[in-house]
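Chemist: Pasting work_21.pdb here (PDB, C-alpha atoms):
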MODEL        1
ATOM      1  CA  MET D 232      17.372  -3.110 -16.055
ATOM      2  CA  SER D 233      19.335  -3.488 -12.848
ATOM      3  CA  ILE D 234      18.050  -1.297 -10.033
ATOM      4  CA  SER D 235      20.166  -0.758  -6.929
ATOM      5  CA  ALA D 236      18.033  -0.731  -3.799
ATOM      6  CA  LYS D 237      20.792  -0.049  -1.286
ATOM      7  CA  LEU D 238      19.793   2.711   1.098
ATOM      8  CA  THR D 239      23.113   4.450   0.441
ATOM      9  CA  ASP D 240      22.446   4.449  -3.313
ATOM     10  CA  MET D 241      19.011   6.062  -3.095
ATOM     11  CA  PRO D 242      18.802   9.668  -4.346
ATOM     12  CA  ASP D 243      18.854  12.499  -1.833
ATOM     13  CA  HIS D 244      15.572  13.975  -3.104
ATOM     14  CA  GLU D 245      12.962  14.357  -0.357
ATOM     15  CA  LEU D 246       9.257  14.516  -1.226
ATOM     16  CA  ILE D 247       8.370  15.145   2.431
ATOM     17  CA  GLN D 248       9.391  18.550   3.745
ATOM     18  CA  ARG D 249       9.285  19.979   7.260
ATOM     19  CA  GLY D 250       5.887  20.693   8.701
ATOM     20  CA  THR D 251       3.983  17.464   8.190
ATOM     21  CA  GLY D 252       1.083  17.053  10.586
ATOM     22  CA  ALA D 253       1.299  13.263  10.561
ATOM     23  CA  CYS D 254       1.170  11.279  13.790
ATOM     24  CA  ALA D 255       4.444  10.094  15.269
ATOM     25  CA  GLY D 256       5.413   6.845  13.608
ATOM     26  CA  CYS D 257       2.961   7.342  10.721
ATOM     27  CA  PRO D 258       3.789   5.042   7.777
ATOM     28  CA  SER D 259       2.444   7.469   5.158
ATOM     29  CA  PRO D 260       5.355   9.974   5.219
ATOM     30  CA  MET D 261       7.772   7.051   5.588
ATOM     31  CA  GLY D 262       6.396   5.547   2.398
ATOM     32  CA  LEU D 263       6.267   8.861   0.564
ATOM     33  CA  ARG D 264       9.950   9.465   1.308
ATOM     34  CA  ILE D 265      10.762   6.290  -0.634
ATOM     35  CA  VAL D 266       8.313   7.246  -3.396
ATOM     36  CA  GLY D 267      10.018  10.620  -3.758
ATOM     37  CA  LYS D 268      13.464   9.082  -3.993
ATOM     38  CA  ALA D 269      12.321   6.596  -6.643
ATOM     39  CA  LEU D 270      10.233   8.967  -8.783
ATOM     40  CA  GLY D 271      12.198  12.186  -8.350
ATOM     41  CA  PRO D 272      10.806  15.739  -8.409
ATOM     42  CA  ASP D 273       9.135  15.508 -11.839
ATOM     43  CA  ALA D 274       5.890  13.980 -10.564
ATOM     44  CA  ILE D 275       2.284  14.928  -9.858
ATOM     45  CA  MET D 276       0.426  13.470  -6.871
ATOM     46  CA  VAL D 277      -3.319  12.889  -6.553
ATOM     47  CA  MET D 278      -4.831  12.310  -3.103
ATOM     48  CA  THR D 279      -8.289  11.557  -1.755
ATOM     49  CA  PRO D 280      -9.473  12.267   1.830
ATOM     50  CA  SER D 281      -7.032  10.383   4.054
ATOM     51  CA  CYS D 282      -4.440  10.765   6.782
ATOM     52  CA  ALA D 283      -1.980  11.897   4.105
ATOM     53  CA  VAL D 284      -4.264  14.810   3.194
ATOM     54  CA  ALA D 285      -4.915  15.701   6.836
ATOM     55  CA  SER D 286      -1.168  15.846   7.503
ATOM     56  CA  ILE D 287      -0.287  18.230   4.646
ATOM     57  CA  GLY D 288       0.407  20.987   7.181
ATOM     58  CA  MET D 289      -0.779  24.556   7.685
ATOM     59  CA  MET D 290      -2.352  25.898   4.494
ATOM     60  CA  PRO D 291      -1.510  27.488   2.120
ATOM     61  CA  LYS D 292       1.817  25.713   2.536
ATOM     62  CA  SER D 293       2.363  21.993   1.997
ATOM     63  CA  CYS D 294       4.820  19.427   3.343
ATOM     64  CA  TYR D 295       4.864  17.743  -0.091
ATOM     65  CA  ASP D 296       7.481  18.867  -2.595
ATOM     66  CA  VAL D 297       5.445  18.008  -5.721
ATOM     67  CA  PRO D 298       2.211  19.397  -7.182
ATOM     68  CA  VAL D 299      -0.720  17.866  -5.304
ATOM     69  CA  LEU D 300      -4.366  17.613  -6.321
ATOM     70  CA  ASN D 301      -6.858  16.759  -3.576
ATOM     71  CA  VAL D 302      -9.957  15.130  -5.059
ATOM     72  CA  CYS D 303     -13.157  13.466  -3.911
ATOM     73  CA  PHE D 304     -12.965  10.062  -2.238
ATOM     74  CA  ALA D 305     -14.248   8.079  -5.210
ATOM     75  CA  SER D 306     -12.436   9.894  -7.995
ATOM     76  CA  ALA D 307      -8.721   9.110  -7.721
ATOM     77  CA  GLY D 308      -8.779   6.786 -10.738
ATOM     78  CA  ALA D 309     -10.623   9.233 -12.990
ATOM     79  CA  SER D 310      -8.621  12.243 -11.799
ATOM     80  CA  ALA D 311      -5.207  10.643 -12.351
ATOM     81  CA  ALA D 312      -6.352   9.361 -15.745
ATOM     82  CA  GLY D 313      -7.484  12.863 -16.710
ATOM     83  CA  ILE D 314      -4.202  14.474 -15.663
ATOM     84  CA  SER D 315      -2.182  11.827 -17.476
ATOM     85  CA  GLY D 316      -4.243  12.182 -20.641
ATOM     86  CA  ALA D 317      -3.976  15.980 -20.550
ATOM     87  CA  LEU D 318      -0.191  15.736 -20.294
ATOM     88  CA  ASP D 319      -0.130  13.415 -23.313
ATOM     89  CA  VAL D 320      -2.104  15.976 -25.346
ATOM     90  CA  GLN D 321       0.084  18.899 -24.235
ATOM     91  CA  ILE D 322       3.270  17.022 -25.106
ATOM     92  CA  ALA D 323       1.867  15.953 -28.495
ATOM     93  CA  LYS D 324       0.945  19.569 -29.303
ATOM     94  CA  GLY D 325       4.293  20.901 -28.124
ATOM     95  CA  VAL D 326       2.717  22.935 -25.347
ATOM     96  CA  ILE D 327       5.105  21.339 -22.874
ATOM     97  CA  ALA D 328       8.318  19.438 -23.495
ATOM     98  CA  GLY D 329       8.858  15.869 -22.410
ATOM     99  CA  PRO D 330       9.630  13.686 -20.674
ATOM    100  CA  LYS D 331       6.184  13.246 -19.210
ATOM    101  CA  PRO D 332       5.922  13.754 -15.437
ATOM    102  CA  VAL D 333       4.942  10.653 -13.504
ATOM    103  CA  VAL D 334       1.330  10.873 -12.344
ATOM    104  CA  PHE D 335       0.556   8.882  -9.210
ATOM    105  CA  ASN D 336      -2.192   8.395  -6.668
ATOM    106  CA  TRP D 337      -1.414   8.178  -2.954
ATOM    107  CA  VAL D 338      -4.633   6.755  -1.518
ATOM    108  CA  GLY D 339      -5.581   4.732   1.560
ATOM    109  CA  ASP D 340      -7.384   1.421   1.632
ATOM    110  CA  GLY D 341     -10.742   3.128   2.114
ATOM    111  CA  GLY D 342     -10.252   5.074  -1.104
ATOM    112  CA  THR D 343      -9.013   1.967  -2.908
ATOM    113  CA  TYR D 344     -10.770  -1.124  -1.563
ATOM    114  CA  ASP D 345     -14.172   0.468  -0.993
ATOM    115  CA  ILE D 346     -15.260   3.980  -1.946
ATOM    116  CA  GLY D 347     -12.746   4.384  -4.760
ATOM    117  CA  PHE D 348     -12.816   0.844  -6.123
ATOM    118  CA  GLN D 349     -15.011   1.614  -9.132
ATOM    119  CA  GLY D 350     -12.725   4.384 -10.380
ATOM    120  CA  VAL D 351      -9.531   2.419  -9.786
ATOM    121  CA  SER D 352     -10.993  -0.670 -11.464
ATOM    122  CA  ALA D 353     -12.104   1.372 -14.482
ATOM    123  CA  ALA D 354      -8.662   2.958 -14.823
ATOM    124  CA  ALA D 355      -7.022  -0.471 -14.664
ATOM    125  CA  GLU D 356      -9.413  -1.811 -17.311
ATOM    126  CA  ARG D 357      -8.599   1.149 -19.586
ATOM    127  CA  ASN D 358      -4.876   0.752 -18.842
ATOM    128  CA  ASP D 359      -4.579   4.444 -18.013
ATOM    129  CA  ASP D 360      -1.011   5.651 -17.652
ATOM    130  CA  PHE D 361      -0.368   6.303 -13.951
ATOM    131  CA  ILE D 362       0.734   4.561 -10.758
ATOM    132  CA  HIS D 363      -1.852   3.901  -8.063
ATOM    133  CA  PHE D 364      -0.326   3.536  -4.611
ATOM    134  CA  CYS D 365      -2.605   2.139  -1.925
ATOM    135  CA  TYR D 366      -1.106   2.677   1.506
ATOM    136  CA  ASN D 367      -3.014   0.063   3.428
ATOM    137  CA  ASN D 368      -3.465   0.731   7.147
ATOM    138  CA  GLU D 369      -6.386  -1.700   7.240
ATOM    139  CA  ALA D 370      -9.054   0.793   8.337
ATOM    140  CA  TYR D 371     -10.500   4.265   7.778
ATOM    141  CA  SER D 372      -7.936   5.662  10.190
ATOM    142  CA  ASN D 373      -8.386   9.358   9.411
ATOM    143  CA  THR D 374     -12.109   9.399  10.248
ATOM    144  CA  GLY D 375     -12.039   7.400  13.473
ATOM    145  CA  VAL D 376     -10.733   3.917  12.617
ATOM    146  CA  GLN D 377     -13.834   2.371  11.061
ATOM    147  CA  ARG D 378     -13.566  -1.028   9.395
ATOM    148  CA  SER D 379     -12.724  -1.200   5.690
ATOM    149  CA  GLY D 380     -12.551  -3.989   3.147
ATOM    150  CA  ALA D 381      -8.887  -4.332   4.122
ATOM    151  CA  THR D 382      -9.554  -4.834   7.845
ATOM    152  CA  PRO D 383      -8.546  -8.376   8.857
ATOM    153  CA  LEU D 384     -10.644 -10.955  10.672
ATOM    154  CA  HIS D 385     -11.158 -10.333  14.430
ATOM    155  CA  ALA D 386      -9.674  -6.799  14.345
ATOM    156  CA  ALA D 387     -11.601  -4.350  16.511
ATOM    157  CA  THR D 388     -12.526  -0.985  15.005
ATOM    158  CA  THR D 389     -15.050   1.652  16.027
ATOM    159  CA  THR D 390     -17.635  -0.032  13.797
ATOM    160  CA  THR D 391     -16.593  -3.578  14.757
ATOM    161  CA  PRO D 392     -15.923  -3.163  18.501
ATOM    162  CA  ALA D 393     -16.260  -6.916  19.135
ATOM    163  CA  GLY D 394     -13.892  -7.709  16.260
ATOM    164  CA  LYS D 395     -14.554  -7.983  12.545
ATOM    165  CA  SER D 396     -16.396 -11.167  11.633
ATOM    166  CA  GLU D 397     -15.351 -11.166   7.976
ATOM    167  CA  GLY D 398     -11.976 -11.579   6.317
ATOM    168  CA  LYS D 399     -10.315  -8.972   4.118
ATOM    169  CA  LYS D 400     -10.356  -8.583   0.350
ATOM    170  CA  SER D 401      -7.292  -9.438  -1.709
ATOM    171  CA  MET D 402      -7.136  -6.153  -3.580
ATOM    172  CA  PRO D 403      -3.709  -6.742  -5.192
ATOM    173  CA  LEU D 404      -4.975  -9.986  -6.747
ATOM    174  CA  LEU D 405      -8.163  -8.231  -7.875
ATOM    175  CA  MET D 406      -5.966  -5.670  -9.609
ATOM    176  CA  LEU D 407      -3.841  -8.424 -11.137
ATOM    177  CA  ASP D 408      -6.974  -9.945 -12.651
ATOM    178  CA  HIS D 409      -7.471  -6.670 -14.554
ATOM    179  CA  ALA D 410      -4.311  -7.616 -16.521
ATOM    180  CA  PRO D 411      -2.370  -4.353 -16.003
ATOM    181  CA  ALA D 412       1.295  -3.921 -16.851
ATOM    182  CA  TYR D 413       2.504  -4.111 -13.258
ATOM    183  CA  VAL D 414       1.146  -5.031  -9.825
ATOM    184  CA  ALA D 415       3.162  -5.301  -6.612
ATOM    185  CA  THR D 416       2.859  -5.469  -2.862
ATOM    186  CA  ALA D 417       5.332  -3.873  -0.479
ATOM    187  CA  SER D 418       5.913  -3.228   3.215
ATOM    188  CA  ILE D 419       7.024  -0.164   5.117
ATOM    189  CA  ALA D 420       9.477  -2.487   6.901
ATOM    190  CA  TYR D 421      11.264  -3.386   3.652
ATOM    191  CA  PRO D 422      12.155  -0.010   2.067
ATOM    192  CA  GLN D 423      14.682  -1.426  -0.393
ATOM    193  CA  ASP D 424      12.082  -3.785  -1.836
ATOM    194  CA  PHE D 425       9.570  -0.924  -2.046
ATOM    195  CA  TYR D 426      12.067   1.395  -3.757
ATOM    196  CA  LYS D 427      13.020  -1.238  -6.324
ATOM    197  CA  LYS D 428       9.377  -1.856  -7.232
ATOM    198  CA  ILE D 429       8.630   1.856  -7.626
ATOM    199  CA  ALA D 430      11.718   2.372  -9.789
ATOM    200  CA  LYS D 431      10.622  -0.530 -11.977
ATOM    201  CA  ALA D 432       7.058   0.776 -12.245
ATOM    202  CA  LYS D 433       8.299   4.276 -13.146
ATOM    203  CA  ASP D 434       9.632   3.051 -16.491
ATOM    204  CA  ILE D 435       6.497   1.084 -17.435
ATOM    205  CA  LYS D 436       3.711   2.690 -19.444
ATOM    206  CA  GLY D 437       0.089   2.008 -18.549
ATOM    207  CA  PHE D 438      -1.724   1.281 -15.304
ATOM    208  CA  ARG D 439       0.494   0.225 -12.414
ATOM    209  CA  TYR D 440      -0.672  -0.744  -8.922
ATOM    210  CA  ILE D 441       1.518  -0.923  -5.810
ATOM    211  CA  GLU D 442       0.049  -1.633  -2.379
ATOM    212  CA  LEU D 443       2.080  -0.718   0.694
ATOM    213  CA  HIS D 444       1.312  -2.418   4.005
ATOM    214  CA  ALA D 445       1.256   0.470   6.474
ATOM    215  CA  PRO D 446       0.729  -0.368  10.175
ATOM    216  CA  CYS D 447      -1.082   2.453  12.005
ATOM    217  CA  GLY D 448      -0.157   3.028  15.657
ATOM    218  CA  PRO D 449      -3.321   4.863  16.760
ATOM    219  CA  GLY D 450      -5.633   2.571  14.794
ATOM    220  CA  TRP D 451      -3.924  -0.714  15.620
ATOM    221  CA  LYS D 452      -3.061   0.403  19.158
ATOM    222  CA  PHE D 453       0.677  -0.081  19.377
ATOM    223  CA  PRO D 454       3.468   2.381  20.363
ATOM    224  CA  ALA D 455       4.517   4.895  17.714
ATOM    225  CA  SER D 456       8.078   3.599  17.793
ATOM    226  CA  GLU D 457       7.015   0.103  16.673
ATOM    227  CA  THR D 458       5.680   0.828  13.159
ATOM    228  CA  VAL D 459       8.545  -0.819  11.302
ATOM    229  CA  GLU D 460       8.767  -3.780  13.672
ATOM    230  CA  ILE D 461       5.037  -4.483  13.371
ATOM    231  CA  GLY D 462       5.376  -4.343   9.585
ATOM    232  CA  ARG D 463       8.293  -6.772   9.708
ATOM    233  CA  MET D 464       6.311  -9.160  11.900
ATOM    234  CA  ALA D 465       3.423  -9.084   9.433
ATOM    235  CA  VAL D 466       5.700 -10.242   6.627
ATOM    236  CA  LYS D 467       7.544 -12.854   8.678
ATOM    237  CA  THR D 468       4.278 -14.424   9.867
ATOM    238  CA  GLY D 469       2.927 -14.463   6.317
ATOM    239  CA  ALA D 470       0.057 -12.156   7.266
ATOM    240  CA  TRP D 471       1.358  -9.813   4.548
ATOM    241  CA  ALA D 472       2.916 -11.299   1.423
ATOM    242  CA  LEU D 473       5.503  -9.620  -0.810
ATOM    243  CA  TRP D 474       5.190 -10.260  -4.546
ATOM    244  CA  GLU D 475       5.101  -8.555  -7.921
ATOM    245  CA  ALA D 476       3.679  -9.329 -11.345
ATOM    246  CA  GLU D 477       4.847  -8.027 -14.711
ATOM    247  CA  ASN D 478       2.390  -8.548 -17.564
ATOM    248  CA  GLY D 479       0.608 -11.185 -15.482
ATOM    249  CA  ALA D 480       3.705 -13.212 -14.548
ATOM    250  CA  LEU D 481       3.794 -13.365 -10.743
ATOM    251  CA  THR D 482       7.041 -13.535  -8.766
ATOM    252  CA  ILE D 483       7.084 -14.013  -4.996
ATOM    253  CA  ASN D 484       9.715 -11.892  -3.261
ATOM    254  CA  ALA D 485      11.866 -12.728  -0.241
ATOM    255  CA  PRO D 486      11.193 -13.405   2.576
ATOM    256  CA  THR D 487       7.680 -14.460   1.512
ATOM    257  CA  LEU D 488       9.091 -16.884  -1.065
ATOM    258  CA  GLN D 489      10.936 -18.854   1.612
ATOM    259  CA  LEU D 490       7.725 -19.095   3.659
ATOM    260  CA  ALA D 491       5.681 -20.220   0.651
ATOM    261  CA  GLU D 492       8.244 -22.875  -0.270
ATOM    262  CA  GLY D 493       8.436 -24.139   3.302
ATOM    263  CA  LYS D 494      12.125 -23.287   3.603
ATOM    264  CA  THR D 495      11.509 -20.895   6.489
ATOM    265  CA  LYS D 496       9.164 -21.383   9.422
ATOM    266  CA  PRO D 497       6.744 -18.468   9.880
ATOM    267  CA  SER D 498       7.082 -16.348  12.989
ATOM    268  CA  SER D 499       4.436 -16.701  15.682
ATOM    269  CA  LEU D 500       1.088 -15.332  14.504
ATOM    270  CA  GLU D 501      -0.077 -15.022  18.106
ATOM    271  CA  ASP D 502       2.929 -12.848  18.944
ATOM    272  CA  TYR D 503       2.057 -10.579  16.012
ATOM    273  CA  LEU D 504      -1.573 -10.262  17.092
ATOM    274  CA  LYS D 505      -1.047  -9.761  20.810
ATOM    275  CA  VAL D 506       1.131  -6.656  20.398
ATOM    276  CA  GLN D 507      -1.780  -4.915  18.678
ATOM    277  CA  GLY D 508      -4.530  -3.567  20.930
ATOM    278  CA  ARG D 509      -7.107  -4.070  18.178
ATOM    279  CA  PHE D 510      -6.867  -7.810  18.821
ATOM    280  CA  ALA D 511      -7.175  -7.496  22.620
ATOM    281  CA  GLY D 512     -10.668  -8.981  22.541
ATOM    282  CA  LEU D 513      -9.442 -12.003  20.620
ATOM    283  CA  MET D 514      -6.571 -12.507  23.060
ATOM    284  CA  LYS D 515      -9.095 -12.730  25.936
ATOM    285  CA  ASP D 516     -11.509 -15.026  24.098
ATOM    286  CA  ALA D 517     -11.812 -18.624  25.307
ATOM    287  CA  ALA D 518     -11.719 -19.730  21.677
ATOM    288  CA  LYS D 519      -8.509 -17.796  20.985
ATOM    289  CA  GLU D 520      -6.377 -20.775  20.010
ATOM    290  CA  GLN D 521      -8.944 -22.097  17.568
ATOM    291  CA  ALA D 522      -9.450 -18.654  16.034
ATOM    292  CA  ILE D 523      -5.721 -18.116  15.571
ATOM    293  CA  ALA D 524      -5.407 -21.585  14.041
ATOM    294  CA  VAL D 525      -8.081 -20.686  11.492
ATOM    295  CA  MET D 526      -6.248 -17.457  10.681
ATOM    296  CA  ALA D 527      -2.988 -19.374  10.258
ATOM    297  CA  GLN D 528      -4.695 -21.810   7.908
ATOM    298  CA  GLY D 529      -5.899 -18.862   5.846
ATOM    299  CA  ILE D 530      -2.333 -17.559   5.586
ATOM    300  CA  GLU D 531      -1.075 -20.999   4.529
ATOM    301  CA  LYS D 532      -3.721 -21.166   1.814
ATOM    302  CA  GLU D 533      -2.874 -17.698   0.533
ATOM    303  CA  LEU D 534       0.820 -18.566   0.314
ATOM    304  CA  ALA D 535       0.037 -21.845  -1.436
ATOM    305  CA  ASP D 536      -2.189 -20.034  -3.927
ATOM    306  CA  LEU D 537       0.525 -17.452  -4.636
ATOM    307  CA  LEU D 538       3.106 -20.195  -5.123
ATOM    308  CA  ALA D 539       0.841 -22.039  -7.546
ATOM    309  CA  ARG D 540       0.140 -18.846  -9.438
ATOM    310  CA  SER D 541       3.851 -18.053  -9.687
ATOM    311  CA  LYS D 542       4.415 -21.381 -11.481
ATOM    312  CA  ARG D 543       1.826 -20.837 -14.202
TER     313      ARG D 543
ENDMDL
END
Represent the structure of the file as structure tokens.
Modeler:
Amino acid sequence: MSISAKLTDMPDHELIQRGTGACAGCPSPMGLRIVGKALGPDAIMVMTPSCAVASIGMMPKSCYDVPVLNVCFASAGASAAGISGALDVQIAKGVIAGPKPVVFNWVGDGGTYDIGFQGVSAAAERNDDFIHFCYNNEAYSNTGVQRSGATPLHAATTTTPAGKSEGKKSMPLLMLDHAPAYVATASIAYPQDFYKKIAKAKDIKGFRYIELHAPCGPGWKFPASETVEIGRMAVKTGAWALWEAENGALTINAPTLQLAEGKTKPSSLEDYLKVQGRFAGLMKDAAKEQAIAVMAQGIEKELADLLARSKR
């Protein structure tokens, strides 16, 4: 199926309404706008404690124009699976008419990589019928910017003030190893790519996982106006890779494909790091050049691994 991803061709439907309490420049409402346009109004959203929950607005009203269920941190996978299964039963019994609403999770990296991993992994293993969106801002931003499994090497957080000494998990690849119907990565800086992947996932039955790279101004310490530019830099340096996999077959998307194939030179990793206050300690370190070189080698290896996997 051909899916147009031109901004002018996207539906007018808005999932985000007036009154959001999100920070200026927050990637969560930006991402949810694209989700709403791709999925339409016939959807049900599940959320765990996160910035997206905190920014709903003044209760009892909501800035989200779909039914929303707020659940415990660890239970997004089970909750979405339960809602999806209940809809299947109601449709089968004629209680409600089809088509079935799209059930989706909108969960941060803390609720996906760490606290919620067990539930998400179990849902993927069962091939439960919903989409899990992880909007990855690389920390527990809502509770004070603590480190998460998605926090990159050397990034300072409130629990790693001297910089994180471990690398980050590759959650999208972990999900791919569960053999679901669809897995994809996306970036807030590439909305057309994100929209196209959501529209594709909408028409697939079973467990689908899409991870959105979502730079956080307050957590990463950059100006609110730079969210999209920081996201674009992440992709052009290779620090965030764009790819998708249908039934296990991995395809690398542009511009990551050109980087992986060596057709395009990556942008400066140092330039990407130095505009983020969370790497200020690294920028002042005498061993800065060596540390950045190690990080660049890690990116090169990841791209090489993705390229090899895409040729299987």
Chemist: When you count only C-alpha atoms, which of these residues is closest to Ala465 of chain D: D:Ser418, D:Met241, D:Lys427, D:Gly508?
Modeler: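 Of D:Ser418, D:Met241, D:Lys427, D:Gly508, the one nearest Ala465 of chain D is D:Ser418, counting only C-alpha atoms.
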Chemist: Quick one, how far is atom CA of Glu356 of chain D from atom CA of Val302 of chain D?
Modeler: 20.9 Å
Chemist: Contacts of segment 471-481 of chain D at 10 Å or less, counting only C-alpha atoms, minus same-chain residues fewer than 3 places along, as JSON, numbers by chain?
Modeler: {"D": [403, 404, 407, 408, 409, 410, 411, 412, 413, 414, 415, 416, 417, 418, 421, 424, 425, 428, 431, 432, 435, 439, 440, 441, 442, 443, 444, 462, 463, 464, 465, 466, 467, 468, 484, 485, 486, 487, 488, 490, 491, 530, 533, 534, 537, 538, 539, 540, 541, 542, 543]}
Chemist: Exactly which residues make up the result of the PyMOL selection byres ((chain D and resi 379) around 9) on this file, given as a PDB file with C-alpha atoms, in the frame of the given file?
Modeler:
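Final file, result_36.pdb:
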ATOM      1  CA  ASP D 340      -7.384   1.421   1.632  1.00  0.00           C
ATOM      2  CA  GLY D 341     -10.742   3.128   2.114  1.00  0.00           C
ATOM      3  CA  TYR D 344     -10.770  -1.124  -1.563  1.00  0.00           C
ATOM      4  CA  ASP D 345     -14.172   0.468  -0.993  1.00  0.00           C
ATOM      5  CA  GLU D 369      -6.386  -1.700   7.240  1.00  0.00           C
ATOM      6  CA  ALA D 370      -9.054   0.793   8.337  1.00  0.00           C
ATOM      7  CA  TYR D 371     -10.500   4.265   7.778  1.00  0.00           C
ATOM      8  CA  VAL D 376     -10.733   3.917  12.617  1.00  0.00           C
ATOM      9  CA  GLN D 377     -13.834   2.371  11.061  1.00  0.00           C
ATOM     10  CA  ARG D 378     -13.566  -1.028   9.395  1.00  0.00           C
ATOM     11  CA  GLY D 380     -12.551  -3.989   3.147  1.00  0.00           C
ATOM     12  CA  ALA D 381      -8.887  -4.332   4.122  1.00  0.00           C
ATOM     13  CA  THR D 382      -9.554  -4.834   7.845  1.00  0.00           C
ATOM     14  CA  PRO D 383      -8.546  -8.376   8.857  1.00  0.00           C
ATOM     15  CA  LYS D 399     -10.315  -8.972   4.118  1.00  0.00           C
TER      16      LYS D 399
END
Chemist: Please identify all polymer residues lying at most 8 Å from the point (-12.1, -14.2, 12.4) (file coordinates), using all atoms listed in the file, and present the result as a VMD selection string.
Modeler: chain D and resid 383 to 385 394 to 398 522 525 to 526
Chemist: Please determine, counting only C-alpha atoms, which residue among D:Ala535, D:Val334, D:Gly288, D:Ile461 has the shortest atom-to-atom distance to Asp502 of chain D.
Modeler: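 Residue with the minimum atom-to-atom distance to Asp502 of chain D: D:Ile461.
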Chemist: What does the PyMOL selection byres ((chain D and resi 311) around 10) select in this file, as a list of chain:residue names?
Modeler: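 So the PyMOL selection byres ((chain D and resi 311) around 10), applied here, picks out D:Ile275, D:Met276, D:Val277, D:Met278, D:Leu300, D:Val302, D:Ser306, D:Ala307, D:Gly308, D:Ala309, D:Ser310, D:Ala312, D:Gly313, D:Ile314, D:Ser315, D:Gly316, D:Ala317, D:Val334, D:Phe335, D:Asn336, D:Gly350, D:Val351, D:Ala354, D:Asp359, D:Asp360, D:Phe361, D:Ile362, D:His363.
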Chemist: Of the candidates D:Thr482, D:Asn373, D:Asn368, D:Gln423, which shows the shortest atom-to-atom distance to Lys237 of chain D, using all atoms listed in the file?
Modeler: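 Of D:Thr482, D:Asn373, D:Asn368, D:Gln423, the one nearest Lys237 of chain D, counting all atoms listed in the file, is D:Gln423.
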Chemist: What would the selection look like, as a PyMOL selection string, if the PyMOL selection byres ((chain D and resi 514) around 12) were run on the coordinates I just shared?
Modeler: chain D and resi 385-387+393-394+500-513+515-523
Chemist: Any idea what the distance is between atom CA of Pro422 of chain D and atom CA of Asp273 of chain D?
Modeler: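 These atoms are spaced 21.1 Å apart.
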Chemist: If I take atom CA of Ala285 of chain D and atom CA of Ile429 of chain D, how far is one from the other in Å, to one decimal?
Modeler: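 If I compute the distance from atom CA of Ala285 of chain D to atom CA of Ile429 of chain D, I get 24.2 Å.
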Chemist: Which residue out of D:Thr279, D:Ser456, D:Thr251, D:Gln321 has the minimum interatomic distance to Gly342 of chain D when all atoms listed in the file are used?
Modeler: D:Thr279
